[in-house]
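Visitor: Input data10.cif, format and content: mmCIF, C-alpha atoms.
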data_upload
#
loop_
_atom_site.label_atom_id
_atom_site.label_comp_id
_atom_site.auth_asym_id
_atom_site.auth_seq_id
_atom_site.Cartn_x
_atom_site.Cartn_y
_atom_site.Cartn_z
CA MET A 896 -55.02 61.67 -82.23
CA ILE A 897 -55.08 61.16 -78.47
CA ILE A 898 -58.47 62.84 -78.24
CA ALA A 899 -59.89 60.73 -81.07
CA LEU A 900 -58.69 57.53 -79.39
CA PHE A 901 -60.01 58.74 -76.06
CA LYS A 902 -63.42 59.42 -77.61
CA LYS A 903 -63.37 55.94 -79.15
CA GLU A 904 -62.72 54.35 -75.72
CA PHE A 905 -65.55 56.37 -74.31
CA THR A 906 -68.10 55.49 -76.98
CA LEU A 907 -67.10 51.82 -76.85
CA GLU A 908 -67.70 51.87 -73.12
CA LEU A 909 -71.08 53.52 -73.50
CA ARG A 910 -72.09 50.90 -76.04
CA ARG A 911 -71.25 48.05 -73.71
CA LYS A 912 -73.03 49.35 -70.66
CA SER A 913 -72.74 45.96 -69.00
CA VAL A 914 -69.04 46.48 -68.30
CA VAL A 915 -69.31 49.69 -66.31
CA SER A 916 -72.45 48.56 -64.53
CA GLY A 917 -70.68 45.28 -63.79
CA LEU A 918 -67.82 47.16 -62.18
CA LEU A 919 -70.18 49.32 -60.16
CA LEU A 920 -71.98 46.20 -59.00
CA TYR A 921 -68.64 44.66 -58.05
CA LEU A 922 -67.93 47.74 -55.96
CA PHE A 923 -71.39 47.67 -54.44
CA SER A 924 -71.15 43.98 -53.50
CA THR A 925 -67.74 44.47 -51.89
CA ALA A 926 -68.94 47.44 -49.86
CA PHE A 927 -72.06 45.52 -48.90
CA ILE A 928 -70.06 42.48 -47.79
CA CYS A 929 -67.88 44.77 -45.67
CA TYR A 930 -71.04 46.20 -44.16
CA LEU A 931 -72.58 42.78 -43.47
CA THR A 932 -69.46 41.24 -41.96
CA PHE A 933 -68.94 44.19 -39.65
CA ASN A 934 -72.63 44.49 -38.88
CA LEU A 935 -72.45 41.60 -36.42
CA ARG A 936 -70.90 43.82 -33.84
CA GLN A 937 -71.48 47.57 -33.75
CA ASN A 938 -68.59 50.01 -33.43
CA LEU A 939 -66.13 47.53 -34.80
CA VAL A 940 -65.36 49.77 -37.78
CA THR A 941 -62.84 52.12 -36.27
CA PRO A 942 -61.58 54.87 -38.62
CA LEU A 943 -58.41 52.91 -39.40
CA VAL A 944 -60.37 49.77 -40.24
CA TRP A 945 -62.54 51.94 -42.47
CA SER A 946 -59.50 53.22 -44.35
CA ALA A 947 -58.05 49.71 -44.75
CA LEU A 948 -61.35 48.33 -46.09
CA PHE A 949 -61.79 51.32 -48.39
CA TRP A 950 -58.36 51.09 -50.00
CA ILE A 951 -58.50 47.31 -50.39
CA THR A 952 -61.85 47.65 -52.13
CA ILE A 953 -60.61 50.42 -54.40
CA LEU A 954 -57.39 48.53 -55.22
CA PHE A 955 -59.21 45.37 -56.29
CA THR A 956 -61.81 47.26 -58.29
CA ALA A 957 -59.12 49.32 -60.02
CA VAL A 958 -57.04 46.24 -60.90
CA ASN A 959 -60.11 44.53 -62.33
CA SER A 960 -61.31 47.54 -64.29
CA VAL A 961 -57.97 48.53 -65.76
CA ALA A 962 -57.07 44.91 -66.55
CA LYS A 963 -59.79 44.78 -69.16
CA SER A 964 -58.35 47.71 -71.11
CA PHE A 965 -56.01 45.41 -73.03
CA ILE A 966 -57.09 41.91 -72.03
CA GLY A 967 -60.60 42.50 -73.32
CA GLU A 968 -59.50 43.67 -76.77
CA LYS A 969 -60.08 41.34 -79.69
CA LYS A 970 -57.09 40.05 -81.66
CA GLY A 971 -57.94 41.69 -84.98
CA ARG A 972 -58.60 45.08 -83.46
CA ASP A 973 -55.04 45.26 -82.13
CA MET A 974 -53.70 44.93 -85.63
CA TYR A 975 -56.04 47.66 -86.84
CA TYR A 976 -54.92 50.16 -84.22
CA TYR A 977 -51.35 49.21 -84.93
CA SER A 978 -51.74 50.25 -88.53
CA ILE A 979 -53.47 53.58 -87.91
CA ALA A 980 -52.11 55.01 -84.64
CA ASN A 981 -48.72 55.44 -83.04
CA PRO A 982 -48.20 53.66 -79.72
CA SER A 983 -47.55 56.72 -77.56
CA SER A 984 -50.95 58.22 -78.32
CA ILE A 985 -52.60 54.85 -77.65
CA ILE A 986 -51.04 54.53 -74.20
CA LEU A 987 -51.78 58.15 -73.30
CA SER A 988 -55.41 57.88 -74.34
CA LYS A 989 -55.80 54.62 -72.41
CA ILE A 990 -54.18 56.14 -69.31
CA LEU A 991 -56.46 59.17 -69.57
CA TYR A 992 -59.52 56.99 -69.96
CA ASN A 993 -58.52 54.69 -67.09
CA PHE A 994 -57.85 57.75 -64.95
CA LEU A 995 -61.45 58.88 -65.44
CA LEU A 996 -62.73 55.36 -64.80
CA CYS A 997 -60.68 54.98 -61.60
CA THR A 998 -61.80 58.39 -60.35
CA LEU A 999 -65.41 57.47 -60.99
CA LEU A 1000 -65.01 54.13 -59.22
CA ALA A 1001 -63.16 55.62 -56.24
CA ALA A 1002 -65.70 58.42 -55.86
CA SER A 1003 -68.65 56.03 -56.02
CA GLY A 1004 -66.79 53.73 -53.64
CA TYR A 1005 -66.51 56.59 -51.21
CA ILE A 1006 -70.24 57.31 -51.49
CA LEU A 1007 -71.07 53.63 -50.88
CA PHE A 1008 -68.78 53.48 -47.86
CA LEU A 1009 -70.39 56.67 -46.60
CA LEU A 1010 -73.78 54.99 -46.81
CA PHE A 1011 -72.88 51.65 -45.27
CA LEU A 1012 -69.94 52.24 -42.96
CA GLY A 1013 -70.22 55.89 -41.96
CA ASN A 1014 -67.84 58.76 -42.62
CA PRO A 1015 -64.68 59.19 -40.58
CA ILE A 1016 -63.16 61.75 -43.01
CA TYR A 1017 -62.96 65.31 -41.69
CA ASP A 1018 -61.42 67.22 -44.55
CA LYS A 1019 -63.25 66.27 -47.75
CA LEU A 1020 -61.21 68.57 -49.98
CA ILE A 1021 -57.91 66.87 -49.12
CA PHE A 1022 -59.54 63.47 -49.47
CA GLY A 1023 -60.93 64.44 -52.88
CA THR A 1024 -57.46 65.52 -54.05
CA LEU A 1025 -56.08 62.28 -52.71
CA ILE A 1026 -58.65 60.25 -54.68
CA LEU A 1027 -57.70 62.12 -57.86
CA LEU A 1028 -53.97 61.55 -57.33
CA THR A 1029 -54.39 57.89 -56.44
CA ALA A 1030 -56.65 57.28 -59.43
CA MET A 1031 -53.98 58.83 -61.64
CA GLY A 1032 -51.30 56.61 -60.09
CA PHE A 1033 -53.39 53.46 -60.47
CA ALA A 1034 -54.30 54.33 -64.06
CA SER A 1035 -50.74 55.06 -65.17
CA SER A 1036 -49.15 52.02 -63.55
CA LEU A 1037 -51.89 49.47 -64.19
CA THR A 1038 -52.41 50.34 -67.86
CA LEU A 1039 -48.88 49.30 -68.83
CA LEU A 1040 -49.07 46.18 -66.67
CA SER A 1041 -52.35 45.15 -68.25
CA SER A 1042 -50.76 45.43 -71.69
CA ILE A 1043 -47.95 43.14 -70.47
CA ALA A 1044 -50.40 40.71 -68.88
CA ALA A 1045 -52.55 40.63 -72.02
CA LYS A 1046 -49.65 39.15 -74.00
CA ALA A 1047 -49.04 36.33 -71.53
CA ASN A 1048 -51.02 33.23 -70.56
CA ASN A 1049 -53.34 33.15 -67.52
CA SER A 1050 -53.43 36.92 -67.70
CA THR A 1051 -55.92 37.64 -64.92
CA ILE A 1052 -53.77 36.02 -62.23
CA LEU A 1053 -50.65 37.54 -63.73
CA MET A 1054 -52.22 40.99 -63.65
CA ALA A 1055 -52.65 40.78 -59.87
CA VAL A 1056 -49.19 39.32 -59.30
CA LEU A 1057 -47.48 41.98 -61.42
CA SER A 1058 -49.42 44.95 -60.17
CA PHE A 1059 -49.60 44.56 -56.40
CA PRO A 1060 -45.91 45.08 -55.62
CA VAL A 1061 -45.78 48.03 -58.03
CA VAL A 1062 -48.80 49.92 -56.67
CA ILE A 1063 -47.87 49.37 -53.01
CA SER A 1064 -45.85 52.59 -52.82
CA ILE A 1065 -48.87 54.56 -54.11
CA LEU A 1066 -51.12 52.77 -51.65
CA LEU A 1067 -48.81 53.43 -48.71
CA MET A 1068 -48.91 57.18 -49.39
CA ALA A 1069 -52.70 57.08 -49.82
CA ILE A 1070 -53.18 55.29 -46.50
CA LYS A 1071 -50.98 57.79 -44.73
CA ILE A 1072 -52.88 60.79 -46.13
CA THR A 1073 -56.20 59.09 -45.30
CA LYS A 1074 -55.03 58.75 -41.72
CA ASN A 1075 -54.22 62.48 -41.67
CA CYS A 1076 -57.71 63.23 -43.03
CA ILE A 1077 -59.26 61.02 -40.34
CA ASP A 1078 -57.26 62.76 -37.62
CA GLY A 1079 -58.48 66.10 -38.93
CA LEU A 1080 -55.02 67.42 -39.80
CA GLY A 1081 -54.80 70.18 -42.38
CA TRP A 1082 -52.86 70.62 -45.60
CA ASP A 1083 -49.46 71.15 -43.97
CA ALA A 1084 -49.52 67.64 -42.52
CA SER A 1085 -50.23 65.90 -45.83
CA TRP A 1086 -48.22 68.18 -48.11
CA ASP A 1087 -45.06 66.02 -48.23
CA GLU A 1088 -47.00 62.86 -48.97
CA MET A 1089 -49.04 64.58 -51.67
CA LEU A 1090 -45.87 65.75 -53.39
CA THR A 1091 -44.34 62.26 -53.15
CA LEU A 1092 -47.50 60.76 -54.63
CA LEU A 1093 -47.40 63.28 -57.47
CA ALA A 1094 -43.72 62.49 -58.09
CA ILE A 1095 -44.44 58.75 -58.18
CA ASN A 1096 -47.26 59.39 -60.65
CA CYS A 1097 -45.01 61.43 -62.93
CA LEU A 1098 -42.28 58.78 -62.77
CA VAL A 1099 -44.64 55.91 -63.53
CA THR A 1100 -46.40 57.77 -66.35
CA ALA A 1101 -43.09 58.71 -67.95
CA VAL A 1102 -41.79 55.15 -67.76
CA SER A 1103 -45.01 53.70 -69.22
CA TYR A 1104 -44.91 56.25 -72.02
CA LEU A 1105 -41.33 55.28 -72.87
CA LEU A 1106 -41.78 51.51 -72.57
CA PHE A 1107 -45.14 50.95 -74.21
CA PRO A 1108 -43.87 51.10 -77.84
CA TYR A 1109 -41.72 48.02 -77.14
CA ILE A 1110 -44.70 45.98 -76.00
CA TRP A 1111 -46.83 47.22 -78.84
CA ARG A 1112 -44.34 46.16 -81.47
CA SER A 1113 -44.38 42.48 -80.53
CA MET B 378 -4.73 34.96 -65.07
CA THR B 379 -4.65 38.67 -65.86
CA LYS B 380 -8.37 38.64 -66.67
CA ASN B 381 -9.25 36.91 -63.42
CA TRP B 382 -7.58 39.33 -61.00
CA TRP B 383 -10.94 40.49 -59.66
CA LYS B 384 -11.96 36.95 -58.72
CA ILE B 385 -8.76 36.59 -56.71
CA ALA B 386 -9.46 40.00 -55.19
CA ALA B 387 -12.97 38.84 -54.23
CA VAL B 388 -11.62 35.74 -52.49
CA ILE B 389 -8.95 37.70 -50.62
CA LEU B 390 -11.36 40.45 -49.58
CA LEU B 391 -13.95 37.97 -48.35
CA ILE B 392 -11.40 35.94 -46.37
CA TYR B 393 -10.26 39.21 -44.83
CA THR B 394 -13.91 40.16 -44.11
CA VAL B 395 -14.67 36.87 -42.38
CA VAL B 396 -11.46 36.77 -40.34
CA ALA B 397 -11.33 40.45 -39.39
CA GLY B 398 -15.10 40.69 -39.08
CA PHE B 399 -15.22 38.04 -36.40
CA LEU B 400 -11.94 38.72 -34.65
CA MET B 401 -11.29 42.44 -34.71
CA GLY B 402 -12.44 44.62 -31.84
CA VAL B 403 -15.79 46.38 -32.14
CA PRO B 404 -17.25 49.19 -30.02
CA ARG B 405 -19.19 48.00 -26.96
CA LEU B 406 -22.75 49.26 -27.13
CA VAL B 407 -25.84 48.55 -25.08
CA ILE B 408 -28.34 46.10 -26.67
CA VAL B 409 -26.37 45.87 -29.93
CA ASN B 410 -23.26 44.30 -28.34
CA GLU B 411 -21.54 41.80 -30.62
CA THR B 412 -24.40 41.82 -33.16
CA ILE B 413 -22.78 44.96 -34.58
CA ARG B 414 -20.70 42.53 -36.63
CA ALA B 415 -23.81 42.04 -38.78
CA LEU B 416 -22.68 45.26 -40.43
CA TYR B 417 -20.05 43.30 -42.37
CA PHE B 418 -22.49 40.68 -43.63
CA HIS B 419 -26.02 42.13 -43.61
CA VAL B 420 -25.47 45.62 -44.99
CA PRO B 421 -23.28 44.58 -47.97
CA MET B 422 -26.12 42.25 -49.06
CA TRP B 423 -28.32 45.29 -49.74
CA PHE B 424 -25.52 47.11 -51.56
CA GLY B 425 -25.06 43.96 -53.62
CA MET B 426 -28.78 43.53 -54.27
CA VAL B 427 -29.29 47.10 -55.48
CA ILE B 428 -26.24 46.88 -57.76
CA MET B 429 -27.31 43.49 -59.19
CA PHE B 430 -30.82 44.79 -59.90
CA LEU B 431 -29.39 47.96 -61.42
CA VAL B 432 -27.14 45.94 -63.75
CA SER B 433 -30.10 43.71 -64.60
CA THR B 434 -32.16 46.78 -65.54
CA LEU B 435 -29.31 48.21 -67.62
CA TYR B 436 -29.11 44.96 -69.59
CA ALA B 437 -32.92 45.03 -69.99
CA ILE B 438 -32.63 48.51 -71.54
CA LYS B 439 -29.82 47.23 -73.74
CA TYR B 440 -31.98 44.30 -74.81
CA LEU B 441 -34.83 46.61 -75.83
CA ARG B 442 -32.39 48.64 -77.92
CA ASN B 443 -30.84 45.80 -79.91
CA SER B 444 -32.85 42.59 -79.22
CA ASP B 445 -29.73 40.54 -78.62
CA PRO B 446 -30.68 37.38 -76.64
CA LYS B 447 -27.31 37.55 -74.84
CA ASN B 448 -28.42 40.73 -73.07
CA ASP B 449 -31.62 39.01 -71.99
CA ILE B 450 -29.68 36.14 -70.39
CA LEU B 451 -27.41 38.63 -68.61
CA SER B 452 -30.43 40.56 -67.36
CA VAL B 453 -32.13 37.43 -65.98
CA GLU B 454 -29.05 36.09 -64.26
CA PHE B 455 -28.22 39.38 -62.61
CA ALA B 456 -31.83 39.56 -61.37
CA ASN B 457 -31.44 35.99 -60.05
CA THR B 458 -28.27 36.90 -58.16
CA GLY B 459 -29.90 40.06 -56.86
CA LEU B 460 -32.79 37.98 -55.55
CA LEU B 461 -30.32 35.68 -53.78
CA PHE B 462 -28.62 38.69 -52.18
CA GLY B 463 -31.98 40.11 -51.15
CA LEU B 464 -33.05 36.83 -49.52
CA LEU B 465 -29.73 36.58 -47.67
CA GLY B 466 -30.12 40.24 -46.63
CA ILE B 467 -33.56 39.56 -45.19
CA PHE B 468 -32.40 36.42 -43.35
CA THR B 469 -29.29 38.04 -41.87
CA GLY B 470 -31.46 41.00 -40.89
CA MET B 471 -33.93 38.67 -39.19
CA ILE B 472 -31.16 37.02 -37.18
CA TRP B 473 -29.93 40.45 -36.08
CA ALA B 474 -33.45 41.68 -35.27
CA ASN B 475 -34.11 38.58 -33.18
CA TYR B 476 -31.32 39.58 -30.79
CA THR B 477 -31.78 43.35 -30.74
CA TRP B 478 -35.47 44.01 -31.37
CA GLY B 479 -36.68 40.80 -29.75
CA SER B 480 -38.39 39.21 -32.74
CA PRO B 481 -37.23 38.26 -36.24
CA TRP B 482 -40.04 40.12 -38.05
CA HIS B 483 -40.86 43.44 -36.52
CA GLY B 484 -42.95 45.10 -39.23
CA ASP B 485 -40.34 47.81 -39.57
CA PRO B 486 -40.73 49.97 -42.74
CA LYS B 487 -37.31 48.82 -43.97
CA GLN B 488 -38.22 45.16 -43.57
CA ASN B 489 -41.52 45.66 -45.37
CA GLY B 490 -39.85 47.61 -48.18
CA ALA B 491 -37.27 44.86 -48.65
CA ALA B 492 -39.98 42.20 -48.73
CA ILE B 493 -41.93 44.12 -51.36
CA ALA B 494 -38.80 44.58 -53.48
CA LEU B 495 -38.34 40.81 -53.47
CA LEU B 496 -42.01 40.32 -54.42
CA VAL B 497 -41.45 42.51 -57.47
CA TYR B 498 -38.64 40.30 -58.73
CA LEU B 499 -40.52 37.10 -57.88
CA ALA B 500 -43.36 38.48 -60.04
CA TYR B 501 -40.75 39.05 -62.76
CA PHE B 502 -39.90 35.34 -62.75
CA VAL B 503 -43.59 34.39 -62.74
CA LEU B 504 -44.03 36.59 -65.81
CA ARG B 505 -41.12 34.86 -67.54
CA GLY B 506 -42.65 31.50 -66.73
CA SER B 507 -46.01 32.32 -68.25
CA VAL B 508 -44.99 33.45 -71.74
CA ASP B 509 -44.24 30.69 -74.26
CA ASN B 510 -42.73 32.58 -77.17
CA ALA B 511 -39.03 33.15 -76.38
CA GLU B 512 -38.68 36.54 -78.05
CA GLN B 513 -41.89 37.87 -76.56
CA ARG B 514 -40.85 36.56 -73.14
CA SER B 515 -37.57 38.47 -73.30
CA ARG B 516 -39.22 41.65 -74.46
CA LEU B 517 -42.10 41.65 -71.97
CA SER B 518 -39.87 40.76 -69.05
CA ALA B 519 -37.37 43.46 -70.04
CA VAL B 520 -40.17 46.02 -70.02
CA TYR B 521 -41.41 44.78 -66.64
CA ASN B 522 -37.87 44.79 -65.28
CA ILE B 523 -37.36 48.47 -66.14
CA PHE B 524 -40.84 49.43 -64.94
CA ALA B 525 -40.48 47.55 -61.67
CA PHE B 526 -37.06 49.06 -61.00
CA ALA B 527 -38.48 52.54 -61.51
CA ALA B 528 -41.41 51.77 -59.21
CA MET B 529 -39.02 50.34 -56.62
CA ILE B 530 -36.99 53.56 -56.31
CA PRO B 531 -39.56 55.39 -54.13
CA LEU B 532 -40.19 52.21 -52.17
CA ILE B 533 -36.58 51.63 -51.18
CA PHE B 534 -34.99 55.06 -51.22
CA ILE B 535 -37.73 57.57 -50.41
CA ILE B 536 -40.56 56.13 -48.31
CA PRO B 537 -38.35 54.52 -45.62
CA ARG B 538 -36.76 57.92 -45.08
CA MET B 539 -40.15 59.56 -44.55
CA THR B 540 -41.39 57.15 -41.90
CA SER B 541 -39.99 56.53 -38.47
CA SER B 542 -38.06 53.33 -38.23
CA MET B 543 -36.09 51.46 -35.60
CA HIS B 544 -33.46 50.48 -38.11
CA PRO B 545 -29.99 51.89 -37.40
CA GLY B 546 -29.23 54.94 -39.48
CA SER B 547 -32.83 56.19 -39.75
CA GLY B 548 -35.50 57.89 -37.69
CA GLY B 549 -32.95 59.45 -35.35
CA ASN B 550 -31.33 56.12 -34.53
CA PRO B 551 -27.57 56.11 -34.78
CA GLY B 552 -26.09 54.79 -38.00
CA PHE B 553 -22.62 53.41 -38.07
CA ASN B 554 -21.06 56.85 -38.22
CA MET B 555 -22.08 57.36 -34.62
CA TYR B 556 -21.27 53.86 -33.42
CA ASP B 557 -17.76 54.19 -34.42
CA LEU B 558 -15.85 57.36 -33.86
CA ASP B 559 -12.39 56.01 -34.59
CA SER B 560 -13.44 54.62 -38.00
CA LYS B 561 -12.08 51.19 -37.16
CA MET B 562 -15.14 49.45 -38.53
CA ARG B 563 -14.76 51.13 -41.88
CA MET B 564 -11.53 49.23 -42.41
CA VAL B 565 -13.55 46.04 -42.57
CA PHE B 566 -16.84 47.42 -43.89
CA TYR B 567 -15.65 48.89 -47.19
CA PRO B 568 -13.59 45.84 -48.20
CA ALA B 569 -16.60 43.70 -47.24
CA VAL B 570 -18.91 45.66 -49.54
CA ILE B 571 -16.50 45.41 -52.46
CA GLY B 572 -15.84 41.73 -51.79
CA TRP B 573 -19.51 40.74 -51.66
CA ILE B 574 -20.34 42.72 -54.81
CA LEU B 575 -17.46 41.08 -56.69
CA LEU B 576 -18.72 37.68 -55.51
CA GLY B 577 -22.18 38.56 -56.82
CA VAL B 578 -20.80 39.51 -60.22
CA TRP B 579 -18.83 36.27 -60.24
CA ILE B 580 -21.92 34.16 -59.48
CA ALA B 581 -23.90 35.97 -62.18
CA THR B 582 -21.21 35.55 -64.85
CA LEU B 583 -20.85 31.86 -64.02
CA ARG B 584 -24.59 31.38 -64.43
CA VAL B 585 -24.54 33.30 -67.71
CA ARG B 586 -21.75 31.05 -68.98
CA THR B 587 -23.66 27.88 -68.08
CA ARG B 588 -26.79 29.24 -69.77
CA ASN B 589 -24.85 30.09 -72.92
CA ALA B 590 -23.25 26.65 -72.93
CA GLU B 591 -26.63 24.96 -72.49
CA GLU B 592 -28.00 26.88 -75.41
CA LYS B 593 -25.06 25.93 -77.57
CA ILE B 594 -25.61 22.25 -76.68
CA LEU B 595 -29.26 22.55 -77.68
CA GLU B 596 -28.26 24.10 -80.98
CA ILE B 597 -25.82 21.29 -81.74
CA GLU B 598 -28.44 18.69 -80.80
CA ASP B 599 -30.87 20.36 -83.17
CA TYR B 600 -28.40 19.97 -86.04
CA ALA B 601 -27.66 16.32 -85.24
#
Once you've parsed the file, please lay out its structure as structure tokens.

Guide:
Amino acid sequence: MIIALFKKEFTLELRRKSVVSGLLLYLFSTAFICYLTFNLRQNLVTPLVWSALFWITILFTAVNSVAKSFIGEKKGRDMYYYSIANPSSIILSKILYNFLLCTLLAASGYILFLLFLGNPIYDKLIFGTLILLTAMGFASSLTLLSSIAAKANNSTILMAVLSFPVVISILLMAIKITKNCIDGLGWDASWDEMLTLLAINCLVTAVSYLLFPYIWRS
Amino acid sequence: MTKNWWKIAAVILLIYTVVAGFLMGVPRLVIVNETIRALYFHVPMWFGMVIMFLVSTLYAIKYLRNSDPKNDILSVEFANTGLLFGLLGIFTGMIWANYTWGSPWHGDPKQNGAAIALLVYLAYFVLRGSVDNAEQRSRLSAVYNIFAFAAMIPLIFIIPRMTSSMHPGSGGNPGFNMYDLDSKMRMVFYPAVIGWILLGVWIATLRVRTRNAEEKILEIEDYA
């Protein structure tokens, strides 16, 4: 059931190519604006500025891309899913799909930043793991919040308001590990933070899994 | 009278806290000096806030289980009181930091964590404001309440312990165990914590009673 729903998300996305390309363009424009604003003076992008710009860009792109997973759905389609699938497989398939989407966006964001703003990251393997873990955290926390926001008025503003305080703990860990990667520290330095990030992910996924049926019912 | 013993206890404990907190002797310490008395007023605010938010979350879980609007009102009002305690905690902390750290906002991990925790609950009230249907509002906000509380646990209890901080009791700085070897401060601190928490519960129950009364009035007006 989860796999069928996941496949459905995927085919829907491939049919509406404008959405993914829109998100990629969003990412591109943000990275390009960062490049242009910092282009005025060379050497202004210190490694820490790089990491701040990178994570802000990724956060906003992730919020925008995950927000559409429930807000974009048509009214009648909700009812249809409700009648054929149980809520826990819906949320899990959406989380899985958003995880892939966030990973794709974060990876392409990294490539864009590499092109425009240079590469301060020493250890690419740790950074890659970090991107995977952060994408998982964003996907699991933002999917539930987007389903809450979809039920309320002015949902796009609400999505940002609800999600920022919740994802801050994930972001704090990510920034710390990024700093370790920039300083060229190995696995032992980032191990604690990685484990904390993983624990936060598990917690958030478990809570979304438990709570989603209550939102779905209304 | 027998049901209200805890309210009397709250009043007595808080009078004791204020009198003893300002008059009793405290250890002389460099930099901290007399500001150590903030322990009786600032620290219990955080105990109170966490307990209020915990109770609010428990009522949110209860609401999801049986959809009784009474639980929703309890959950909201405990969150409201928790927010009040959090704001007071931040302000008392800022007064203390102004004298010991030199500026009211120092960007300390504990200060940032507290500010984020308050943002979460402010977002909760924004969410409540933007849903029209009463039942849906209760349900969505209950879900957000539980989710936010779970997301707040690492923020308040884990991350501040991993980072270095200038706050007493963390990052190698002495907590109150080390300030006070003869345990004199405990004689005021523990009653203060209990007193402030009881006051919080009292405020919350009063607000719940006014809300229930308002709803009853609306019901009667609808009939008339």

Visitor: What residues in chain A lie within 6 Å of chain B, counting all atoms listed in the file, written as a list in words?

Guide: Ala1047, Asn1048, Val1056, Leu1057, Pro1060, Val1061 and Ser1064 of chain A

Visitor: Please enumerate the residues selected by the PyMOL selection byres ((chain B and resi 446) around 12) when evaluated against the supplied file, formatted as an NGL selection string.

Guide: :B and (436-437 or 439-445 or 447-453 or 511-516 or 519 or 585 or 588-589 or 592)

Visitor: Name all residues at most 8 Å from Ser960 (chain A) (count only C-alpha atoms; drop same-chain ones fewer than 4 positions away) and give them as a PyMOL selection string.

Guide: chain A and resi 918+956+964+996-997

Visitor: Can I get the selection written as a short mmCIF file (atom, residue, chain, number, x, y, z; two decimals), in the coordinates of the input, with C-alpha atoms?

Guide:
data_model
loop_
_atom_site.label_atom_id
_atom_site.label_comp_id
_atom_site.auth_asym_id
_atom_site.auth_seq_id
_atom_site.Cartn_x
_atom_site.Cartn_y
_atom_site.Cartn_z
CA LEU A 918 -67.82 47.16 -62.18
CA THR A 956 -61.81 47.26 -58.29
CA SER A 964 -58.35 47.71 -71.11
CA LEU A 996 -62.73 55.36 -64.80
CA CYS A 997 -60.68 54.98 -61.60
#

Visitor: Name the residues that the PyMOL selection byres ((chain A and resi 1100) around 10) picks from the file above, as a list in words, using the file's chain letters and numbers.

Guide: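 So the PyMOL selection byres ((chain A and resi 1100) around 10) ends up selecting Ile986, Leu987, Ile990, Met1031, Gly1032, Ala1034, Ser1035, Ser1036, Thr1038, Leu1039, Ala1094, Ile1095, Asn1096, Cys1097, Leu1098, Val1099, Ala1101, Val1102, Ser1103, Tyr1104, Leu1105 and Leu1106 of chain A.
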
Visitor: Expressed in Å to a single decimal, how great is the separation between CA of Leu954 (chain A) and CA of Thr434 (chain B)?

Guide: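 One can read the CA of Leu954 (chain A) to CA of Thr434 (chain B) distance as 27.3 Å.
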
Visitor: Could you tell me how far CA of Asn1014 (chain A) sits from CA of Gly1079 (chain A), in Å to one decimal place?

Guide: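 If I compute the distance from CA of Gly1079 (chain A) to CA of Asn1014 (chain A), I get 12.5 Å.
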
Visitor: Smallest atom-to-atom distance to Ile928 (chain A): which of A:Ala1002, A:Val961, A:Leu948, A:Leu1092, using all atoms listed in the file?

Guide: A:Leu948

Visitor: To one decimal place, how far is CA of Phe455 (chain B) from CA of Met562 (chain B) in Å?

Guide: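 Those two atoms sit 29.2 Å apart.
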
Visitor: Point out the residue among A:Ile1070, A:Ile951, A:Leu920, A:Val915 with the least atom-to-atom distance to Phe1022 (chain A), counting all atoms listed in the file.

Guide: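 Closest residue, counting all atoms listed in the file: A:Ile1070.
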